[in-house]
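Enquirer: So I've got this file, my_file15.txt, and it contains compact mmCIF, C-alpha atoms and all ligand atoms:
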# COMPACT_ATOMS: atom_id res chain seq x y z
CA MET A 949 16.67 18.81 13.17
CA HIS A 950 18.57 21.57 14.93
CA LYS A 951 15.77 23.85 16.05
CA SER A 952 13.39 21.51 17.84
CA GLU A 953 13.79 18.68 20.31
CA HIS A 954 11.10 16.74 18.42
CA VAL A 955 11.61 14.19 15.69
CA LEU A 956 8.39 14.53 13.69
CA LEU A 957 5.90 17.37 13.22
CA SER A 958 2.90 17.21 10.88
CA GLY A 959 0.15 19.32 9.33
CA LEU A 960 -0.53 22.83 10.58
CA GLY A 961 2.00 22.57 13.37
CA ALA A 962 4.76 21.62 10.96
CA GLU A 963 3.77 24.48 8.64
CA GLU A 964 3.77 26.96 11.48
CA PHE A 965 7.16 25.75 12.67
CA ALA A 966 8.53 26.07 9.13
CA PHE A 967 7.32 29.65 8.78
CA GLN A 968 8.65 30.59 12.20
CA ASN A 969 12.01 29.34 11.04
CA GLY A 970 12.05 31.32 7.85
CA VAL A 971 10.98 28.75 5.26
CA GLN A 972 9.74 30.66 2.22
CA ARG A 973 5.98 30.66 1.71
CA VAL A 974 4.59 30.39 -1.83
CA ASP A 975 1.12 30.27 -3.29
CA SER A 976 -0.27 26.80 -4.05
CA THR A 977 -0.23 27.65 -7.75
CA TYR A 978 3.56 27.49 -7.55
CA PHE A 979 3.24 23.71 -7.34
CA PHE A 980 0.83 23.30 -10.25
CA VAL A 981 1.95 20.80 -12.90
CA GLN A 982 -0.48 20.07 -15.71
CA ARG A 983 0.57 16.47 -16.15
CA ARG A 984 0.10 15.70 -12.46
CA TRP A 985 -3.24 17.50 -12.44
CA ASP A 986 -4.38 15.36 -15.35
CA GLN A 987 -3.24 12.24 -13.50
CA LEU A 988 -5.30 13.27 -10.49
CA GLN A 989 -8.37 13.87 -12.61
CA GLU A 990 -7.96 10.44 -14.11
CA ALA A 991 -7.54 8.86 -10.70
CA LEU A 992 -10.55 10.70 -9.37
CA GLU A 993 -12.52 9.56 -12.36
CA GLU A 994 -11.54 5.95 -11.76
CA ASP A 995 -12.49 6.16 -8.13
CA LYS A 996 -15.86 7.46 -9.21
CA VAL A 997 -16.17 4.50 -11.49
CA SER A 998 -15.19 2.23 -8.63
CA LEU A 999 -18.10 3.58 -6.62
CA ASP A 1000 -20.31 2.05 -9.24
CA HIS A 1001 -21.04 -1.62 -8.84
CA ASP A 1002 -18.54 -3.07 -11.29
CA GLY A 1003 -15.77 -4.03 -8.87
CA SER A 1004 -14.33 -6.50 -11.37
CA LYS A 1005 -13.40 -3.76 -13.78
CA LYS A 1006 -12.06 -1.11 -11.51
CA SER A 1007 -11.56 -1.38 -7.79
CA SER A 1008 -11.03 1.50 -5.41
CA SER A 1009 -7.35 0.61 -5.28
CA THR A 1010 -6.93 1.04 -9.02
CA ALA A 1011 -5.65 4.56 -8.68
CA LEU A 1012 -2.98 3.48 -6.23
CA ASN A 1013 -1.90 0.53 -8.34
CA LYS A 1014 -1.78 2.63 -11.44
CA GLN A 1015 0.31 5.14 -9.57
CA ASP A 1016 2.70 2.35 -8.64
CA GLU A 1017 3.27 1.67 -12.31
CA GLY A 1018 3.86 5.21 -13.43
CA LYS A 1019 5.21 6.99 -10.42
CA TYR A 1020 6.75 10.42 -10.65
CA GLY A 1021 8.50 12.65 -8.25
CA THR A 1022 10.10 10.49 -5.60
CA VAL A 1023 13.69 11.36 -4.89
CA GLY A 1024 15.57 9.26 -2.38
CA CYS A 1025 19.23 9.51 -1.52
CA VAL A 1026 21.67 7.80 0.79
CA ALA A 1027 25.23 8.91 1.37
CA MET A 1028 28.35 8.10 3.33
CA ASP A 1029 30.89 10.85 3.95
CA ARG A 1030 34.64 10.43 4.24
CA TYR A 1031 34.34 9.92 8.01
CA GLY A 1032 31.86 7.07 7.62
CA ASN A 1033 28.80 9.08 8.62
CA LEU A 1034 25.65 7.82 6.95
CA CYS A 1035 22.57 9.79 6.04
CA SER A 1036 19.33 9.24 4.18
CA GLY A 1037 16.71 11.54 2.69
CA THR A 1038 13.42 10.86 0.95
CA SER A 1039 11.28 13.42 -0.87
CA THR A 1040 7.86 12.45 -2.17
CA GLY A 1041 4.54 13.79 -3.27
CA GLY A 1042 2.91 10.68 -1.83
CA LEU A 1043 0.38 8.86 -3.98
CA THR A 1044 -2.03 10.37 -6.48
CA ASN A 1045 -5.55 10.62 -5.10
CA LYS A 1046 -4.51 9.68 -1.59
CA LYS A 1047 -6.90 10.40 1.26
CA TYR A 1048 -6.70 13.69 3.10
CA GLY A 1049 -4.28 13.45 5.99
CA ARG A 1050 -2.71 10.24 4.76
CA ILE A 1051 0.89 9.94 5.91
CA GLY A 1052 3.14 7.67 3.87
CA ASP A 1053 6.32 5.85 4.74
CA SER A 1054 8.73 8.51 3.48
CA PRO A 1055 8.74 10.78 6.56
CA LEU A 1056 8.42 7.91 9.03
CA ILE A 1057 11.87 7.06 10.30
CA GLY A 1058 12.27 3.29 10.16
CA ALA A 1059 9.59 2.79 7.50
CA GLY A 1060 10.72 4.58 4.34
CA THR A 1061 13.80 6.36 5.62
CA PHE A 1062 16.51 5.32 8.06
CA ALA A 1063 20.18 5.86 8.82
CA ASN A 1064 22.48 4.47 11.49
CA ASN A 1065 26.25 4.83 11.43
CA GLN A 1066 26.56 1.31 12.89
CA SER A 1067 24.81 -0.33 9.96
CA CYS A 1068 23.42 1.47 6.91
CA ALA A 1069 21.35 4.26 5.40
CA VAL A 1070 18.14 3.37 3.57
CA SER A 1071 15.68 5.31 1.41
CA CYS A 1072 12.56 3.64 0.01
CA THR A 1073 10.02 4.27 -2.71
CA GLY A 1074 6.77 2.53 -3.49
CA ARG A 1075 3.32 2.14 -2.02
CA GLY A 1076 4.05 3.30 1.50
CA GLU A 1077 1.46 1.28 3.38
CA GLU A 1078 3.45 -1.97 3.16
CA PHE A 1079 6.70 -0.21 4.00
CA ILE A 1080 5.06 1.08 7.17
CA ARG A 1081 3.56 -2.29 8.07
CA GLY A 1082 6.91 -3.99 7.57
CA THR A 1083 9.14 -1.20 8.97
CA ILE A 1084 11.20 -1.98 5.90
CA ALA A 1085 14.03 0.53 6.27
CA SER A 1086 14.92 -0.19 9.89
CA ASP A 1087 14.52 -3.93 9.35
CA ILE A 1088 17.42 -3.89 6.90
CA SER A 1089 19.56 -2.18 9.51
CA ALA A 1090 18.39 -4.58 12.24
CA ARG A 1091 19.30 -7.66 10.19
CA MET A 1092 22.77 -6.24 9.62
CA MET A 1093 23.25 -5.49 13.30
CA TYR A 1094 21.67 -8.57 14.90
CA LEU A 1095 22.21 -11.22 12.25
CA HIS A 1096 25.46 -9.75 10.94
CA GLU A 1097 24.22 -9.93 7.38
CA SER A 1098 25.84 -7.88 4.63
CA ALA A 1099 23.92 -4.87 3.28
CA GLN A 1100 23.17 -6.85 0.13
CA ASP A 1101 21.86 -9.93 1.97
CA ALA A 1102 19.81 -7.90 4.43
CA THR A 1103 18.31 -5.77 1.67
CA PHE A 1104 17.49 -8.85 -0.40
CA GLN A 1105 15.81 -10.60 2.54
CA VAL A 1106 13.72 -7.60 3.53
CA VAL A 1107 12.66 -6.48 0.05
CA GLN A 1108 12.44 -9.74 -1.89
CA LYS A 1109 11.06 -11.86 0.96
CA LYS A 1110 9.35 -9.71 3.59
CA LEU A 1111 8.08 -6.85 1.43
CA LYS A 1112 7.00 -9.23 -1.29
CA ALA A 1113 5.10 -11.36 1.23
CA LEU A 1114 3.26 -8.19 2.25
CA LYS A 1115 2.48 -7.67 -1.46
CA GLY A 1116 4.52 -4.49 -1.30
CA ARG A 1117 5.45 -2.74 -4.52
CA GLY A 1118 8.59 -0.65 -4.59
CA GLY A 1119 12.18 -0.82 -3.53
CA CYS A 1120 15.04 0.87 -1.77
CA ILE A 1121 18.59 2.10 -2.05
CA VAL A 1122 21.09 1.29 0.71
CA VAL A 1123 24.65 2.22 1.54
CA ASP A 1124 26.46 0.58 4.45
CA ALA A 1125 29.06 1.92 6.86
CA THR A 1126 31.92 0.86 4.58
CA GLY A 1127 30.39 2.27 1.42
CA ASN A 1128 28.85 -0.88 -0.07
CA VAL A 1129 25.74 -0.20 -2.11
CA ALA A 1130 22.67 -2.46 -2.18
CA ILE A 1131 19.56 -1.94 -4.29
CA GLU A 1132 16.44 -4.12 -4.48
CA TYR A 1133 12.92 -3.58 -5.82
CA THR A 1134 9.81 -5.63 -6.43
CA THR A 1135 8.61 -3.57 -9.39
CA SER A 1136 9.80 -4.11 -12.96
CA GLY A 1137 12.13 -1.15 -12.72
CA MET A 1138 13.38 1.64 -10.46
CA PHE A 1139 15.32 4.70 -11.59
CA ARG A 1140 18.60 4.67 -9.71
CA ALA A 1141 22.19 5.82 -9.81
CA TYR A 1142 25.23 5.81 -7.59
CA ARG A 1143 28.87 6.73 -7.56
CA ASP A 1144 31.73 6.00 -5.20
CA ALA A 1145 35.07 7.55 -4.27
CA GLN A 1146 36.84 5.38 -6.84
CA GLY A 1147 34.84 7.10 -9.55
CA ARG A 1148 32.57 4.16 -10.27
CA ARG A 1149 29.26 5.41 -11.66
CA VAL A 1150 26.17 3.39 -12.28
CA ILE A 1151 22.89 4.57 -13.77
CA ALA A 1152 20.05 2.10 -14.37
CA ILE A 1153 16.33 1.67 -14.69
CA TYR A 1154 15.70 -2.09 -14.99
N1 LIG B 1 6.44 5.91 -0.64
C1 LIG B 1 5.64 7.05 -1.01
C2 LIG B 1 4.32 6.99 -0.32
O1 LIG B 1 3.75 5.92 -0.18
C3 LIG B 1 5.43 7.15 -2.47
C4 LIG B 1 6.71 7.31 -3.20
O2 LIG B 1 7.36 6.32 -3.50
O3 LIG B 1 7.09 8.44 -3.43
O4 LIG B 1 3.83 8.02 0.05
As structure tokens - that is how I would like this structure written.
Ligand code: ASP
Expert:
Amino acid sequence: MHKSEHVLLSGLGAEEFAFQNGVQRVDSTYFFVQRRWDQLQEALEEDKVSLDHDGSKKSSSTALNKQDEGKYGTVGCVAMDRYGNLCSGTSTGGLTNKKYGRIGDSPLIGAGTFANNQSCAVSCTGRGEEFIRGTIASDISARMMYLHESAQDATFQVVQKKLKALKGRGGCIVVDATGNVAIEYTTSGMFRAYRDAQGRRVIAIY
């Protein structure tokens, strides 16, 4: 953010830039997790099955859908500081068995991640394709700014109406410029927690 005029770098260029700026380099084995490896093998296996003719049993999207149900690893956060500054961050491993070079919604500002001091900060999780198609994160902010909706109403409209209509699976966490929290999801549950300056703490799954 501070060392380049650009907003988004990807692939080799992003790696190179990271190394030039002192980001620690580790061997790929550092990231190995048996459980995730097993998940990938299973997903690969299912894709192989899907290449067979029985589309009714397992389609090529099975791996993605299954991943939607048992997702691991996404960490999203939104925060407002004491001066009313808003920020959002989203960390993800993407989807299991995704195609090489696939870019999800998480790093795309306006799709899975967005913050604007005039409206709200948003961080999303779920199958990124629909979040990209619907520019879900910035749409929540736009509704607040142009339709003067509350964070809760805007988040409800975008997630429960627009995202659902796109058959999107996932949800988002939102905090507005006065510290109101809004959370919506189209899945059966979403791990989430928040706390405010009054000491209110909420932790929930369903
Ligand atoms: N939204 C991410 C993606 O599609 C997945 C996640 O929720 O972590 O890449």
Enquirer: What residues of the protein or nucleic acid chains come within 6 Å of ligand LIG 1 (chain B) when you use all atoms listed in the file? Reply as a list in words.
Expert: Thr1022, Thr1040, Gly1041, Gly1042, Leu1043, Gly1052, Asp1053, Ser1054, Thr1073, Gly1074, Arg1075 and Gly1076 of chain A
Enquirer: Pick from A:Val981, A:Ala1090, A:Ile1153, A:Cys1035: nearest to Ala1125 of chain A, with all atoms listed in the file counted?
Expert: A:Cys1035
Enquirer: Nearest to Asp1029 of chain A: which of A:Leu956, A:Asn1065, A:Ile1121, A:Tyr1048 is it, counting all atoms listed in the file?
Expert: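 Between A:Leu956, A:Asn1065, A:Ile1121, A:Tyr1048, the residue approaching Asp1029 of chain A most closely is A:Asn1065.
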Enquirer: Of the candidates A:Cys1025, A:Ala1085, A:Cys1072, A:Asn1064, which one gets nearest to Arg1143 of chain A if we count only C-alpha atoms?
Expert: A:Cys1025
Enquirer: I'd like the neighbourhood of Phe1139 of chain A as a list in words, where a residue qualifies if any of its atoms comes within 12 Å (using only C-alpha atoms), though same-chain residues fewer than 3 positions away should be ignored.
Expert: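 Returned residues: Gly1018, Lys1019, Tyr1020, Gly1021, Thr1022, Val1023, Gly1024, Cys1025, Cys1072, Thr1073, Gly1074, Gly1118, Gly1119, Cys1120, Ile1121, Ile1131, Glu1132, Tyr1133, Thr1135, Ser1136, Tyr1142, Val1150, Ile1151, Ala1152, Ile1153 and Tyr1154 of chain A.
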Enquirer: What's the 10 Å shell around Glu1077 of chain A, counting all atoms listed in the file, without same-chain residues fewer than 3 positions away, as a compact mmCIF listing (two decimals) with C-alpha atoms, in the coordinates of the input?
Expert:
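Dumped everything to out_37.txt:
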# COMPACT_ATOMS: atom_id res chain seq x y z
CA ARG A 1050 -2.71 10.24 4.76
CA ILE A 1051 0.89 9.94 5.91
CA GLY A 1052 3.14 7.67 3.87
CA ASP A 1053 6.32 5.85 4.74
CA ALA A 1059 9.59 2.79 7.50
CA GLY A 1060 10.72 4.58 4.34
CA GLY A 1074 6.77 2.53 -3.49
CA ILE A 1080 5.06 1.08 7.17
CA ARG A 1081 3.56 -2.29 8.07
CA GLY A 1082 6.91 -3.99 7.57
CA THR A 1083 9.14 -1.20 8.97
CA LEU A 1114 3.26 -8.19 2.25
CA GLY A 1116 4.52 -4.49 -1.30
CA ARG A 1117 5.45 -2.74 -4.52
Enquirer: Record the distance separating atom CA of Gln1146 of chain A and atom CA of Ser1098 of chain A, expressed in Å with one decimal.
Expert: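 We find that atom CA of Gln1146 of chain A and atom CA of Ser1098 of chain A lie 20.7 Å from each other.
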Enquirer: Within 9 Å of (17.5, 7.4, 10.1) in the file's own coordinates, which protein, DNA or RNA residues have an atom, counting only C-alpha atoms? List them as a PyMOL selection string.
Expert: chain A and resi 1034-1037+1057-1058+1061-1064+1068-1070+1085-1086
Enquirer: For a test of reading the model, state the distance in Å between atom CA of Val1129 of chain A and atom CA of Gln1108 of chain A, rounded to one decimal.
Expert: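 About the pair atom CA of Val1129 of chain A and atom CA of Gln1108 of chain A: they are 16.4 Å apart.
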Enquirer: Enter the distance from atom CA of Thr1103 of chain A to atom CA of Ile1088 of chain A, in Å, rounded to one decimal.
Expert: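 Separation of atom CA of Thr1103 of chain A and atom CA of Ile1088 of chain A: 5.6 Å.
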Enquirer: With all atoms listed in the file as the counted atoms, please give the residues lying no more than 10 Å from Gly1127 of chain A, apart from itself and same-chain residues fewer than 5 positions off, as an mmCIF file with C-alpha atoms, in the coordinates of the input.
Expert:
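What ended up in selection_5.cif:
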data_model
loop_
_atom_site.group_PDB
_atom_site.id
_atom_site.type_symbol
_atom_site.label_atom_id
_atom_site.label_comp_id
_atom_site.auth_asym_id
_atom_site.auth_seq_id
_atom_site.Cartn_x
_atom_site.Cartn_y
_atom_site.Cartn_z
ATOM 1 C CA ALA A 1027 25.230 8.910 1.370
ATOM 2 C CA MET A 1028 28.350 8.100 3.330
ATOM 3 C CA ASP A 1029 30.890 10.850 3.950
ATOM 4 C CA ARG A 1030 34.640 10.430 4.240
ATOM 5 C CA GLY A 1032 31.860 7.070 7.620
ATOM 6 C CA LEU A 1034 25.650 7.820 6.950
ATOM 7 C CA CYS A 1068 23.420 1.470 6.910
ATOM 8 C CA ALA A 1099 23.920 -4.870 3.280
ATOM 9 C CA VAL A 1122 21.090 1.290 0.710
ATOM 10 C CA ASP A 1144 31.730 6.000 -5.200
ATOM 11 C CA ALA A 1145 35.070 7.550 -4.270
#
Enquirer: With a distance cut-off of 12 Å and only C-alpha atoms, select the neighbouring residues of Met949 of chain A, excluding the residue or stretch itself and same-chain residues fewer than 4 positions from it, and output the selection as a PyMOL selection string.
Expert: chain A and resi 953-957+965-966+969
Enquirer: Nearest to Glu993 of chain A: which of A:Phe980, A:Leu1111, A:Tyr1031, A:Asn1045 is it, counting all atoms listed in the file?
Expert: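 Comparing A:Phe980, A:Leu1111, A:Tyr1031, A:Asn1045 against Glu993 of chain A, the winner is A:Asn1045.
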Enquirer: Would you mind putting back all heavy atoms on segment 1077-1088 of chain A, then writing it out as a CSV table (one decimal), in the coordinates of the input?
Expert:
chain,number,residue,atom,x,y,z
A,1077,GLU,N,2.2,2.0,2.3
A,1077,GLU,CA,1.5,1.3,3.4
A,1077,GLU,C,2.2,0.0,3.8
A,1077,GLU,O,2.4,-0.3,5.0
A,1077,GLU,CB,0.0,0.9,2.9
A,1077,GLU,CG,-1.0,2.1,3.1
A,1077,GLU,CD,-0.7,3.3,2.2
A,1077,GLU,OE1,0.1,3.2,1.3
A,1077,GLU,OE2,-1.2,4.4,2.6
A,1078,GLU,N,2.7,-0.7,2.8
A,1078,GLU,CA,3.4,-2.0,3.2
A,1078,GLU,C,4.8,-1.7,3.8
A,1078,GLU,O,5.3,-2.5,4.6
A,1078,GLU,CB,3.6,-2.9,1.9
A,1078,GLU,CG,2.3,-3.5,1.5
A,1078,GLU,CD,1.3,-2.6,0.9
A,1078,GLU,OE1,1.7,-1.7,0.2
A,1078,GLU,OE2,0.1,-2.8,1.2
A,1079,PHE,N,5.4,-0.6,3.4
A,1079,PHE,CA,6.7,-0.2,4.0
A,1079,PHE,C,6.5,0.2,5.5
A,1079,PHE,O,7.4,-0.1,6.3
A,1079,PHE,CB,7.3,1.0,3.2
A,1079,PHE,CG,7.9,0.5,1.9
A,1079,PHE,CD1,7.1,0.4,0.8
A,1079,PHE,CD2,9.2,0.3,1.7
A,1079,PHE,CE1,7.6,0.0,-0.4
A,1079,PHE,CE2,9.8,-0.1,0.5
A,1079,PHE,CZ,8.9,-0.2,-0.6
A,1080,ILE,N,5.3,0.7,5.8
A,1080,ILE,CA,5.1,1.1,7.2
A,1080,ILE,C,4.8,-0.2,7.9
A,1080,ILE,O,5.3,-0.4,9.0
A,1080,ILE,CB,3.9,2.0,7.3
A,1080,ILE,CG1,4.2,3.4,6.6
A,1080,ILE,CG2,3.5,2.3,8.7
A,1080,ILE,CD1,3.0,4.3,6.5
A,1081,ARG,N,3.9,-1.0,7.4
A,1081,ARG,CA,3.6,-2.3,8.1
A,1081,ARG,C,4.8,-3.1,8.3
A,1081,ARG,O,4.9,-3.8,9.4
A,1081,ARG,CB,2.6,-3.1,7.2
A,1081,ARG,CG,1.2,-2.5,7.1
A,1081,ARG,CD,0.2,-3.5,6.6
A,1081,ARG,NE,-1.1,-2.9,6.7
A,1081,ARG,CZ,-1.7,-2.4,5.6
A,1081,ARG,NH1,-1.2,-2.4,4.4
A,1081,ARG,NH2,-2.9,-1.8,5.7
A,1082,GLY,N,5.7,-3.1,7.4
A,1082,GLY,CA,6.9,-4.0,7.6
A,1082,GLY,C,8.1,-3.3,8.2
A,1082,GLY,O,9.2,-3.9,8.3
A,1083,THR,N,8.0,-2.0,8.5
A,1083,THR,CA,9.1,-1.2,9.0
A,1083,THR,C,10.4,-1.6,8.2
A,1083,THR,O,11.4,-2.0,8.7
A,1083,THR,CB,9.4,-1.3,10.5
A,1083,THR,OG1,9.5,-2.7,10.8
A,1083,THR,CG2,8.4,-0.6,11.3
A,1084,ILE,N,10.2,-1.5,6.8
A,1084,ILE,CA,11.2,-2.0,5.9
A,1084,ILE,C,12.6,-1.4,6.1
A,1084,ILE,O,13.6,-2.1,6.1
A,1084,ILE,CB,10.7,-1.7,4.4
A,1084,ILE,CG1,9.4,-2.6,4.2
A,1084,ILE,CG2,11.8,-2.1,3.4
A,1084,ILE,CD1,9.5,-4.1,4.4
A,1085,ALA,N,12.7,-0.1,6.2
A,1085,ALA,CA,14.0,0.5,6.3
A,1085,ALA,C,14.8,0.1,7.5
A,1085,ALA,O,16.0,-0.3,7.4
A,1085,ALA,CB,13.9,2.0,6.2
A,1086,SER,N,14.2,0.2,8.7
A,1086,SER,CA,14.9,-0.2,9.9
A,1086,SER,C,15.2,-1.7,10.0
A,1086,SER,O,16.1,-2.1,10.7
A,1086,SER,CB,14.2,0.3,11.1
A,1086,SER,OG,13.0,-0.3,11.3
A,1087,ASP,N,14.3,-2.5,9.3
A,1087,ASP,CA,14.5,-3.9,9.4
A,1087,ASP,C,15.8,-4.3,8.7
A,1087,ASP,O,16.5,-5.3,9.1
A,1087,ASP,CB,13.4,-4.6,8.6
A,1087,ASP,CG,12.8,-5.7,9.4
A,1087,ASP,OD1,12.7,-5.6,10.7
A,1087,ASP,OD2,12.4,-6.8,8.9
A,1088,ILE,N,16.2,-3.6,7.6
A,1088,ILE,CA,17.4,-3.9,6.9
A,1088,ILE,C,18.6,-3.6,7.9
A,1088,ILE,O,19.5,-4.5,8.0
A,1088,ILE,CB,17.5,-3.0,5.6
A,1088,ILE,CG1,16.5,-3.4,4.6
A,1088,ILE,CG2,18.9,-3.1,5.0
A,1088,ILE,CD1,16.3,-2.5,3.4
